[in-house]
$ cat target_26.cif   # mmCIF, C-alpha atoms (C1' of nucleotides)
data_upload
#
loop_
_atom_site.label_atom_id
_atom_site.label_comp_id
_atom_site.auth_asym_id
_atom_site.auth_seq_id
_atom_site.Cartn_x
_atom_site.Cartn_y
_atom_site.Cartn_z
CA MET A 1 20.91 19.36 -22.06
CA ASP A 2 19.54 20.19 -18.63
CA ILE A 3 20.51 17.63 -16.04
CA ARG A 4 17.76 18.74 -13.69
CA ASN A 5 15.03 18.06 -16.20
CA THR A 6 16.47 14.68 -17.01
CA LEU A 7 16.62 13.73 -13.37
CA ASN A 8 13.12 14.90 -12.66
CA GLU A 9 11.59 13.25 -15.69
CA MET A 10 13.35 9.97 -15.01
CA LEU A 11 12.33 9.99 -11.38
CA VAL A 12 8.68 10.64 -12.17
CA ARG A 13 8.51 7.98 -14.86
CA LEU A 14 10.49 5.42 -12.92
CA PHE A 15 8.39 5.77 -9.84
CA ARG A 16 5.23 5.41 -11.82
CA SER A 17 6.20 2.10 -13.44
CA VAL A 18 8.84 0.45 -11.31
CA ASN A 19 6.46 -1.07 -8.79
CA VAL A 20 4.06 -2.36 -11.39
CA ILE A 21 6.82 -4.01 -13.38
CA GLU A 22 8.59 -5.49 -10.41
CA GLU A 23 5.31 -6.85 -9.07
CA ARG A 24 4.66 -8.45 -12.43
CA ALA A 25 8.14 -9.95 -12.56
CA ILE A 26 7.73 -11.49 -9.15
CA ARG A 27 4.24 -12.87 -9.61
CA THR A 28 4.75 -14.44 -13.01
CA GLY A 29 7.61 -16.50 -11.69
CA GLU A 30 7.77 -19.74 -9.81
CA TYR A 31 6.72 -18.14 -6.54
CA LYS A 32 3.28 -16.81 -7.37
CA ASP A 33 2.18 -16.20 -3.80
CA VAL A 34 4.96 -13.67 -3.14
CA THR A 35 3.93 -10.03 -3.39
CA ALA A 36 6.40 -7.25 -4.20
CA ASN A 37 6.17 -6.19 -0.60
CA ASP A 38 6.90 -9.73 0.58
CA MET A 39 10.01 -9.66 -1.58
CA HIS A 40 11.17 -6.36 -0.15
CA VAL A 41 10.78 -7.76 3.33
CA MET A 42 12.80 -10.83 2.34
CA GLU A 43 15.52 -8.61 0.87
CA ALA A 44 15.66 -6.66 4.12
CA ILE A 45 15.96 -9.86 6.15
CA GLY A 46 18.75 -10.99 3.86
CA MET A 47 20.62 -14.25 3.45
CA ASP A 48 22.96 -13.91 6.39
CA GLY A 49 21.40 -15.21 9.57
CA MET A 50 18.80 -13.78 11.88
CA LYS A 51 17.66 -10.21 12.40
CA ASN A 52 15.24 -8.79 14.93
CA MET A 53 11.97 -7.11 13.99
CA THR A 54 12.93 -3.57 14.92
CA ARG A 55 16.06 -3.61 12.83
CA VAL A 56 14.29 -4.91 9.74
CA ALA A 57 11.37 -2.51 10.23
CA ARG A 58 13.75 0.42 10.49
CA SER A 59 15.61 -0.56 7.35
CA LEU A 60 12.29 -0.75 5.50
CA GLU A 61 11.08 2.52 7.06
CA VAL A 62 7.85 0.99 8.33
CA THR A 63 6.49 0.50 11.85
CA THR A 64 7.05 -2.79 13.63
CA GLY A 65 3.29 -3.30 13.59
CA THR A 66 3.32 -3.22 9.82
CA LEU A 67 6.24 -5.61 9.71
CA THR A 68 4.51 -8.01 12.10
CA ILE A 69 1.65 -8.35 9.64
CA ALA A 70 3.97 -8.91 6.67
CA VAL A 71 5.97 -11.49 8.61
CA ASN A 72 2.80 -13.30 9.75
CA SER A 73 1.95 -13.87 6.13
CA LEU A 74 5.49 -14.87 5.13
CA VAL A 75 5.66 -17.37 7.98
CA ARG A 76 2.27 -18.78 7.00
CA LYS A 77 3.46 -19.17 3.40
CA GLY A 78 6.70 -20.81 4.53
CA TYR A 79 9.22 -18.21 3.37
CA VAL A 80 10.36 -16.95 6.78
CA ASP A 81 11.24 -18.59 10.10
CA ARG A 82 10.47 -16.76 13.33
CA VAL A 83 11.89 -17.63 16.76
CA ARG A 84 12.12 -15.88 20.12
CA SER A 85 15.59 -14.95 21.26
CA GLU A 86 16.86 -16.92 24.24
CA GLU A 87 19.09 -14.11 25.51
CA ASP A 88 16.33 -11.50 25.51
CA ARG A 89 12.87 -12.95 25.40
CA ARG A 90 11.29 -9.73 24.17
CA VAL A 91 13.18 -10.07 20.92
CA VAL A 92 11.91 -11.98 17.89
CA LEU A 93 14.47 -13.21 15.37
CA ILE A 94 13.47 -13.70 11.77
CA SER A 95 15.35 -15.36 8.93
CA LEU A 96 14.69 -16.75 5.48
CA SER A 97 13.68 -20.40 5.32
CA ASP A 98 15.19 -22.59 2.57
CA LYS A 99 12.17 -21.79 0.43
CA GLY A 100 12.62 -18.11 1.25
CA LYS A 101 16.26 -18.26 0.18
CA ARG A 102 15.31 -19.90 -3.10
CA ALA A 103 12.70 -17.20 -3.78
CA TYR A 104 15.21 -14.51 -2.90
CA LEU A 105 17.76 -15.90 -5.36
CA HIS A 106 15.09 -16.25 -8.01
CA HIS A 107 14.20 -12.61 -7.66
CA SER A 108 17.81 -11.47 -7.55
CA ARG A 109 18.06 -12.45 -11.21
CA PHE A 110 15.60 -9.66 -11.98
CA HIS A 111 17.83 -7.22 -10.13
CA GLU A 112 20.89 -8.49 -11.97
CA ARG A 113 19.20 -7.76 -15.28
CA MET A 114 18.29 -4.32 -14.06
CA ILE A 115 21.86 -3.58 -13.00
CA SER A 116 23.21 -4.92 -16.27
CA ALA A 117 20.92 -2.55 -18.13
CA VAL A 118 22.16 0.34 -16.04
CA VAL A 119 25.88 -0.30 -16.28
CA GLU A 120 26.13 -1.46 -19.86
CA GLU A 121 27.90 1.20 -21.86
CA LEU A 122 29.30 2.72 -18.68
CA THR A 123 33.06 2.47 -18.39
CA ASP A 124 34.59 1.03 -15.24
CA GLU A 125 35.42 4.51 -14.15
CA GLU A 126 31.88 5.72 -14.72
CA GLN A 127 30.60 2.78 -12.72
CA GLN A 128 32.80 3.83 -9.83
CA VAL A 129 31.56 7.39 -10.10
CA LEU A 130 27.95 6.20 -10.14
CA GLY A 131 28.55 4.07 -7.08
CA LYS A 132 29.99 7.03 -5.25
CA ALA A 133 27.17 9.31 -6.33
CA LEU A 134 24.47 6.90 -5.22
CA THR A 135 26.20 6.31 -1.92
CA LYS A 136 26.27 10.05 -1.36
CA LEU A 137 22.59 10.37 -2.19
CA ASP A 138 21.76 7.48 0.05
CA GLN A 139 23.57 9.19 2.93
CA PHE A 140 21.81 12.41 2.08
CA PHE A 141 18.35 10.86 2.13
CA MET A 142 19.04 8.85 5.27
CA THR A 143 20.15 11.89 7.25
CA THR A 144 19.50 15.38 5.97
CA ALA A 145 16.44 14.93 3.82
CA HIS A 146 14.36 13.37 6.53
CA GLN A 147 14.67 16.35 8.80
CA THR A 148 14.81 19.36 6.53
CA MET A 149 12.40 21.13 4.27
CA PHE A 150 10.88 18.15 2.49
CA MET B 1 34.45 -4.79 -3.60
CA ASP B 2 31.65 -5.61 -6.03
CA ILE B 3 30.36 -2.49 -7.73
CA ARG B 4 27.22 -4.19 -8.99
CA ASN B 5 26.15 -5.13 -5.50
CA THR B 6 26.73 -1.61 -4.30
CA LEU B 7 24.70 -0.17 -7.14
CA ASN B 8 21.86 -2.58 -6.53
CA GLU B 9 21.76 -1.88 -2.82
CA MET B 10 21.87 1.86 -3.30
CA LEU B 11 19.14 1.85 -5.93
CA VAL B 12 16.83 -0.25 -3.78
CA ARG B 13 17.37 1.95 -0.76
CA LEU B 14 17.07 5.20 -2.69
CA PHE B 15 13.76 4.21 -4.20
CA ARG B 16 12.40 3.40 -0.81
CA SER B 17 13.67 6.61 0.73
CA VAL B 18 12.40 8.83 -2.02
CA ASN B 19 8.95 7.28 -1.81
CA VAL B 20 8.78 7.79 1.92
CA ILE B 21 9.99 11.37 1.67
CA GLU B 22 7.62 12.23 -1.12
CA GLU B 23 4.67 10.82 0.78
CA ARG B 24 5.69 12.80 3.83
CA ALA B 25 6.22 16.00 1.83
CA ILE B 26 2.79 15.77 0.28
CA ARG B 27 0.97 15.10 3.51
CA THR B 28 2.72 17.66 5.68
CA GLY B 29 2.31 20.43 3.13
CA GLU B 30 -0.48 22.83 2.42
CA TYR B 31 -2.70 20.16 0.87
CA LYS B 32 -2.79 17.65 3.69
CA ASP B 33 -5.65 15.58 2.36
CA VAL B 34 -3.78 14.63 -0.83
CA THR B 35 -2.14 11.20 -0.80
CA ALA B 36 0.87 10.32 -2.96
CA ASN B 37 -1.45 8.28 -5.10
CA ASP B 38 -3.82 11.22 -5.45
CA MET B 39 -0.89 13.27 -6.65
CA HIS B 40 0.11 10.69 -9.23
CA VAL B 41 -3.45 10.66 -10.52
CA MET B 42 -3.40 14.44 -10.79
CA GLU B 43 -0.09 14.32 -12.65
CA ALA B 44 -1.59 11.82 -15.07
CA ILE B 45 -4.64 14.02 -15.64
CA GLY B 46 -2.31 16.94 -16.27
CA MET B 47 -2.85 20.64 -16.67
CA ASP B 48 -4.08 20.61 -20.25
CA GLY B 49 -7.80 20.04 -20.49
CA MET B 50 -9.94 16.96 -20.07
CA LYS B 51 -9.09 13.29 -20.38
CA ASN B 52 -11.32 10.25 -20.22
CA MET B 53 -11.04 7.58 -17.54
CA THR B 54 -9.68 4.79 -19.73
CA ARG B 55 -6.85 6.91 -21.04
CA VAL B 56 -5.74 8.05 -17.59
CA ALA B 57 -6.10 4.53 -16.17
CA ARG B 58 -3.93 3.12 -18.93
CA SER B 59 -1.24 5.73 -18.42
CA LEU B 60 -1.18 4.87 -14.71
CA GLU B 61 -1.27 1.13 -15.43
CA VAL B 62 -4.30 0.52 -13.22
CA THR B 63 -7.81 -0.73 -14.00
CA THR B 64 -10.58 1.77 -14.60
CA GLY B 65 -12.26 0.42 -11.49
CA THR B 66 -9.27 1.45 -9.41
CA LEU B 67 -9.21 4.85 -11.04
CA THR B 68 -12.92 5.37 -10.41
CA ILE B 69 -12.29 5.01 -6.69
CA ALA B 70 -9.35 7.41 -6.73
CA VAL B 71 -11.32 9.95 -8.73
CA ASN B 72 -14.35 9.64 -6.42
CA SER B 73 -12.14 10.75 -3.58
CA LEU B 74 -10.46 13.54 -5.57
CA VAL B 75 -13.84 14.91 -6.67
CA ARG B 76 -15.13 14.75 -3.09
CA LYS B 77 -12.06 16.68 -1.93
CA GLY B 78 -12.44 19.24 -4.69
CA TYR B 79 -9.27 18.60 -6.68
CA VAL B 80 -10.84 17.12 -9.80
CA ASP B 81 -13.88 17.96 -11.93
CA ARG B 82 -15.81 15.15 -13.56
CA VAL B 83 -18.34 15.56 -16.35
CA ARG B 84 -20.06 13.25 -18.81
CA SER B 85 -19.13 13.76 -22.42
CA GLU B 86 -21.95 15.15 -24.55
CA GLU B 87 -20.75 13.48 -27.75
CA ASP B 88 -20.54 10.00 -26.21
CA ARG B 89 -22.48 9.66 -23.01
CA ARG B 90 -20.58 6.54 -21.90
CA VAL B 91 -17.44 8.64 -21.55
CA VAL B 92 -16.48 10.53 -18.40
CA LEU B 93 -14.11 13.47 -18.74
CA ILE B 94 -11.91 14.44 -15.83
CA SER B 95 -9.76 17.51 -15.33
CA LEU B 96 -8.02 19.36 -12.54
CA SER B 97 -10.07 21.97 -10.73
CA ASP B 98 -8.42 25.29 -9.82
CA LYS B 99 -7.58 23.81 -6.44
CA GLY B 100 -6.21 20.73 -8.20
CA LYS B 101 -4.01 22.88 -10.39
CA ARG B 102 -2.69 24.76 -7.39
CA ALA B 103 -1.89 21.47 -5.63
CA TYR B 104 -0.17 20.19 -8.75
CA LEU B 105 2.03 23.27 -8.99
CA HIS B 106 2.75 23.15 -5.29
CA HIS B 107 3.94 19.59 -5.65
CA SER B 108 6.04 20.33 -8.69
CA ARG B 109 7.93 22.86 -6.59
CA PHE B 110 8.71 20.03 -4.17
CA HIS B 111 10.17 18.09 -7.07
CA GLU B 112 12.33 21.04 -8.01
CA ARG B 113 13.59 21.43 -4.47
CA MET B 114 14.40 17.76 -4.19
CA ILE B 115 16.24 17.76 -7.49
CA SER B 116 18.17 20.85 -6.45
CA ALA B 117 19.16 19.20 -3.21
CA VAL B 118 20.33 16.11 -5.06
CA VAL B 119 22.25 18.03 -7.69
CA GLU B 120 24.01 20.11 -5.06
CA GLU B 121 25.32 16.98 -3.42
CA LEU B 122 27.03 15.83 -6.62
CA THR B 123 29.92 16.96 -8.77
CA ASP B 124 29.34 17.76 -12.43
CA GLU B 125 30.82 14.44 -13.41
CA GLU B 126 28.61 12.58 -10.99
CA GLN B 127 25.55 14.40 -12.30
CA GLN B 128 26.33 13.38 -15.85
CA VAL B 129 26.88 9.75 -14.97
CA LEU B 130 23.74 9.65 -12.83
CA GLY B 131 21.68 11.09 -15.67
CA LYS B 132 23.04 8.47 -18.04
CA ALA B 133 22.37 5.67 -15.57
CA LEU B 134 18.79 6.76 -14.90
CA THR B 135 18.12 6.99 -18.61
CA LYS B 136 19.31 3.40 -18.97
CA LEU B 137 17.15 2.35 -16.06
CA ASP B 138 14.14 4.05 -17.58
CA GLN B 139 14.76 2.26 -20.88
CA PHE B 140 15.08 -1.05 -19.07
CA PHE B 141 11.68 -0.64 -17.46
CA MET B 142 10.04 0.66 -20.61
CA THR B 143 11.31 -2.16 -22.81
CA THR B 144 10.67 -4.97 -20.33
CA ALA B 145 7.35 -3.53 -19.27
CA HIS B 146 5.25 -5.94 -21.25
CA GLN B 147 7.41 -9.00 -21.43
CA THR B 148 6.56 -12.00 -19.33
CA MET B 149 9.71 -13.94 -18.65
CA PHE B 150 11.98 -13.22 -15.74
"C1'" DA C 1 14.39 -6.03 46.24
"C1'" DA C 2 10.39 -3.55 44.77
"C1'" DA C 3 8.76 -0.10 41.83
"C1'" DA C 4 9.18 2.52 37.75
"C1'" DA C 5 10.68 3.20 33.24
"C1'" DA C 6 12.14 1.59 28.96
"C1'" DT C 7 12.07 -1.68 25.18
"C1'" DA C 8 10.35 -5.34 21.67
"C1'" DG C 9 6.79 -6.99 19.57
"C1'" DT C 10 1.72 -7.85 18.72
"C1'" DT C 11 -2.98 -6.54 18.24
"C1'" DT C 12 -6.68 -3.51 16.97
"C1'" DG C 13 -9.30 -0.30 14.29
"C1'" DA C 14 -9.45 2.48 10.49
"C1'" DC C 15 -8.16 3.81 5.75
"C1'" DG C 16 -6.28 3.66 1.13
"C1'" DG C 17 -5.14 1.11 -3.03
"C1'" DT C 18 -5.67 -2.83 -5.89
"C1'" DC C 19 -7.90 -6.36 -8.86
"C1'" DA C 20 -11.41 -9.37 -11.17
"C1'" DA C 21 -15.92 -9.96 -12.16
"C1'" DA C 22 -20.61 -8.43 -12.40
"C1'" DT C 23 -23.43 -4.60 -13.72
"C1'" DT C 24 -25.30 -0.37 -15.95
"C1'" DA C 25 -25.52 2.67 -19.62
"C1'" DC C 26 -24.59 3.73 -24.05
"C1'" DC C 27 -22.94 3.43 -28.85
"C1'" DT C 28 -22.60 1.19 -33.58
"C1'" DG C 29 -22.70 -1.93 -37.50
"C1'" DG C 30 -25.46 -5.03 -39.76
"C1'" DC D 1 -33.94 -2.65 -34.18
"C1'" DC D 2 -30.87 -5.61 -31.91
"C1'" DA D 3 -26.42 -8.00 -30.91
"C1'" DG D 4 -22.17 -7.08 -29.68
"C1'" DG D 5 -18.83 -3.98 -28.15
"C1'" DT D 6 -17.25 -0.20 -25.14
"C1'" DA D 7 -16.89 3.14 -20.93
"C1'" DA D 8 -17.40 3.50 -16.50
"C1'" DT D 9 -19.09 2.07 -11.89
"C1'" DT D 10 -19.99 -1.13 -8.28
"C1'" DT D 11 -18.98 -5.05 -5.44
"C1'" DG D 12 -16.32 -8.19 -2.70
"C1'" DA D 13 -12.04 -9.61 -1.33
"C1'" DC D 14 -7.23 -8.81 -0.22
"C1'" DC D 15 -2.88 -6.34 0.99
"C1'" DG D 16 -0.20 -2.51 3.16
"C1'" DT D 17 -0.04 1.14 6.26
"C1'" DC D 18 -0.26 3.79 10.63
"C1'" DA D 19 -1.22 5.21 15.46
"C1'" DA D 20 -2.41 3.79 19.70
"C1'" DA D 21 -3.33 0.40 23.12
"C1'" DC D 22 -1.57 -3.63 25.03
"C1'" DT D 23 1.55 -7.70 26.68
"C1'" DA D 24 5.76 -9.40 28.05
"C1'" DT D 25 10.22 -8.71 29.35
"C1'" DT D 26 14.43 -6.26 30.76
"C1'" DT D 27 16.79 -2.39 32.81
"C1'" DT D 28 17.12 1.38 35.88
"C1'" DT D 29 16.11 3.76 39.94
"C1'" DT D 30 15.30 4.25 44.55
#
$ encode --input "target_26.cif" --output "C-alpha cells"
Amino acid sequence: MDIRNTLNEMLVRLFRSVNVIEERAIRTGEYKDVTANDMHVMEAIGMDGMKNMTRVARSLEVTTGTLTIAVNSLVRKGYVDRVRSEEDRRVVLISLSDKGKRAYLHHSRFHERMISAVVEELTDEEQQVLGKALTKLDQFFMTTAHQTMF
Amino acid sequence: MDIRNTLNEMLVRLFRSVNVIEERAIRTGEYKDVTANDMHVMEAIGMDGMKNMTRVARSLEVTTGTLTIAVNSLVRKGYVDRVRSEEDRRVVLISLSDKGKRAYLHHSRFHERMISAVVEELTDEEQQVLGKALTKLDQFFMTTAHQTMF
DNA sequence: AAAAAATAGTTTGACGGTCAAATTACCTGG
DNA sequence: CCAGGTAATTTGACCGTCAAACTATTTTTT
C-alpha cells in the first residue's frame, strides 16, 4: 500500500468536495444568511475578545481589503461588532456579536462530527501521533512551503 | 490539552494553507493563465477521451451553467476542445487539448512534489496514521455528502 | 516641532466563480 | 407529428479576491 498515492488521492478528493459540503451544512441550518466564507471569518475572529483586522486577515491569508468587505457584510447581518481602538485610532477591533457566537457554536457541531469521524477507531496513542503530525505539517506550510519551490 | 481541538484547528489551517499554496503554484508556473478552478475542471475531464458537460458538472458538483462558463474560458485559452456529438446533437463533448494535457501533467508533478515534501516531514508511523485519518475524513464527507441535517 | 515615513484600514476597479431561472436546440415515445 | 423531456447556453445577480490608490493616524527622523 503506497502512502503517497493514498495521500494524494485523499487530498484531491477532499479538496473537491469539502467546500461544497461545508457550505451546504452551514446554509441548511438555522443561520441561512451565513456563507462558508462568513463562517471562516467568524472562526478566525474567535470567541475570545477583540482582534484587529490585520491579524485576522493574516490568519486567513487574505488581504485586509478582502477582509474589510467580508466584515462589512457580517456587520450588516449582525454577526460581528466593529469598533475603533481608543489607544490607536488607526486600528479597528472586531469581535463576534451574541448572534455571531451562537452561529459559531452551531457550526462547531459540524466540526465536532468531522473530528469524531476522523478519530474513531484511532487509539489514544494514534490520536497523539496524528496531532503531532498535523502540527508539523502546519509548521511546514506556514514557513517553508510558502517560500520554496511550490 | 484537548487533542480534538488541536486536530480541528490543524485541519482547518492546513486546508486553507494547501489551497493558497496550490493556487500560487498554478499561477506562478509555466501555465500562468490557468486558475485553480480551471485545473480542477481539467482534472475532472481527465486524460481519457471525451466527456459530456452534464457528467463533468456532476462530478464537480456544480451546475452545467457554471461549467459552461469555465469551459468557455478554457476553450478560449486553448486547454480544452469542445465538439458537438454527432449521435445526439444536444450533447457537447469536451476533452483536453494537447496543451491541456501538458498542463495537467505539469500540475500532477506539483502534487507529487508536495506529497514528497509532506512525507519527508513525517516518520513512518506518522505517515500511516495520517493516511488512516484522511481516509476516515474522506469517508465522512462522502457519506454525509447528500444528507441534510447538521 | 515640523516633515517624512510607516502603519491600519477602506475604497475602487476588475475578474472569476457560483446559482437559479429563462431560453434554445434537440431527441423520443405515444 | 407533437408534447414532454433532456443537454447545454445565456442572463442577471451575488460573493470573494486582489492590487493599487487613498485616508487617517502614529512613529521616526531631522
$ interface_residues --input "target_26.cif" --of "chain C" --to "chain B" --cutoff "9 Å" --atoms "all atoms listed in the file" --output "list in words"
DG16, DG17, DT18, DC19, DA25, DC26 and DC27 of chain C
$ closest_residue --input "target_26.cif" --among "A:Arg84, A:His107, A:Lys99, A:Lys77" --to "chain B" --atoms "all atoms listed in the file"
A:His107
$ atom_distance --input "target_26.cif" --atom1 "atom CA of Glu23 of chain B" --atom2 "atom CA of Lys51 of chain A"
27.3 Å
$ resolve_selection --input "target_26.cif" --expression "the PyMOL selection byres ((chain B and resi 48) around 12)" --output "compact mmCIF listing (two decimals) with C-alpha atoms, in the coordinates of the input"
# COMPACT_ATOMS: atom_id res chain seq x y z
CA MET B 42 -3.40 14.44 -10.79
CA GLU B 43 -0.09 14.32 -12.65
CA ALA B 44 -1.59 11.82 -15.07
CA ILE B 45 -4.64 14.02 -15.64
CA GLY B 46 -2.31 16.94 -16.27
CA MET B 47 -2.85 20.64 -16.67
CA GLY B 49 -7.80 20.04 -20.49
CA MET B 50 -9.94 16.96 -20.07
CA LYS B 51 -9.09 13.29 -20.38
CA ILE B 94 -11.91 14.44 -15.83
CA SER B 95 -9.76 17.51 -15.33
CA LEU B 96 -8.02 19.36 -12.54
CA SER B 97 -10.07 21.97 -10.73
CA LYS B 101 -4.01 22.88 -10.39
$ residues_around --input "target_26.cif" --residues "Phe140 of chain A" --least-positions-apart "5" --cutoff "12 Å" --atoms "all atoms listed in the file" --output "PDB file with C-alpha atoms, in the coordinates of the input"
ATOM      1  CA  ALA A 133      27.170   9.310  -6.330  1.00  0.00           C
ATOM      2  CA  LEU A 134      24.470   6.900  -5.220  1.00  0.00           C
ATOM      3  CA  THR A 135      26.200   6.310  -1.920  1.00  0.00           C
ATOM      4  CA  ALA A 145      16.440  14.930   3.820  1.00  0.00           C
ATOM      5  CA  HIS A 146      14.360  13.370   6.530  1.00  0.00           C
ATOM      6  CA  GLN A 147      14.670  16.350   8.800  1.00  0.00           C
ATOM      7  CA  THR A 148      14.810  19.360   6.530  1.00  0.00           C
TER       8      THR A 148
ATOM      9  CA  MET B  10      21.870   1.860  -3.300  1.00  0.00           C
ATOM     10  CA  ARG B  13      17.370   1.950  -0.760  1.00  0.00           C
ATOM     11  CA  LEU B  14      17.070   5.200  -2.690  1.00  0.00           C
ATOM     12  CA  SER B  17      13.670   6.610   0.730  1.00  0.00           C
ATOM     13  CA  VAL B  18      12.400   8.830  -2.020  1.00  0.00           C
ATOM     14  CA  ILE B  21       9.990  11.370   1.670  1.00  0.00           C
ATOM     15  CA  MET B 114      14.400  17.760  -4.190  1.00  0.00           C
ATOM     16  CA  ALA B 117      19.160  19.200  -3.210  1.00  0.00           C
ATOM     17  CA  VAL B 118      20.330  16.110  -5.060  1.00  0.00           C
ATOM     18  CA  VAL B 119      22.250  18.030  -7.690  1.00  0.00           C
ATOM     19  CA  GLU B 120      24.010  20.110  -5.060  1.00  0.00           C
ATOM     20  CA  GLU B 121      25.320  16.980  -3.420  1.00  0.00           C
ATOM     21  CA  LEU B 122      27.030  15.830  -6.620  1.00  0.00           C
TER      22      LEU B 122
END
$ atom_distance --input "target_26.cif" --atom1 "atom CA of Glu112 of chain A" --atom2 "atom CA of Asn5 of chain B"
9.0 Å
$ resolve_selection --input "target_26.cif" --expression "the PyMOL selection byres ((chain D) within 10 of (chain B))" --output "MDAnalysis selection string"
chainID D and resid 6:10
$ closest_residue --input "target_26.cif" --among "A:Val34, A:Met39, A:Leu60, A:Val71" --to "chain B" --atoms "all atoms listed in the file"
A:Leu60
$ residues_near_point --input "target_26.cif" --point "(17.9, 6.5, 38.4)" --cutoff "10 Å" --atoms "only C-alpha atoms (C1' of nucleotides)" --output "list in words"
DA4 and DA5 of chain C; DT28, DT29 and DT30 of chain D
$ closest_residue --input "target_26.cif" --among "B:Arg76, B:Lys132, B:Arg82, B:His106" --to "chain A" --atoms "all atoms listed in the file"
B:Lys132
$ atom_distance --input "target_26.cif" --atom1 "atom C1' of DT10 of chain C" --atom2 "atom CA of Asp38 of chain A"
19.0 Å
$ closest_residue --input "target_26.cif" --among "A:Ser85, A:Lys32, A:Gln127, A:Asp98" --to "chain B" --atoms "only C-alpha atoms"
A:Gln127
$ closest_residue --input "target_26.cif" --among "B:Asp2, B:Tyr79, B:Arg109, B:Ala25" --to "chain A" --atoms "only C-alpha atoms"
B:Ala25
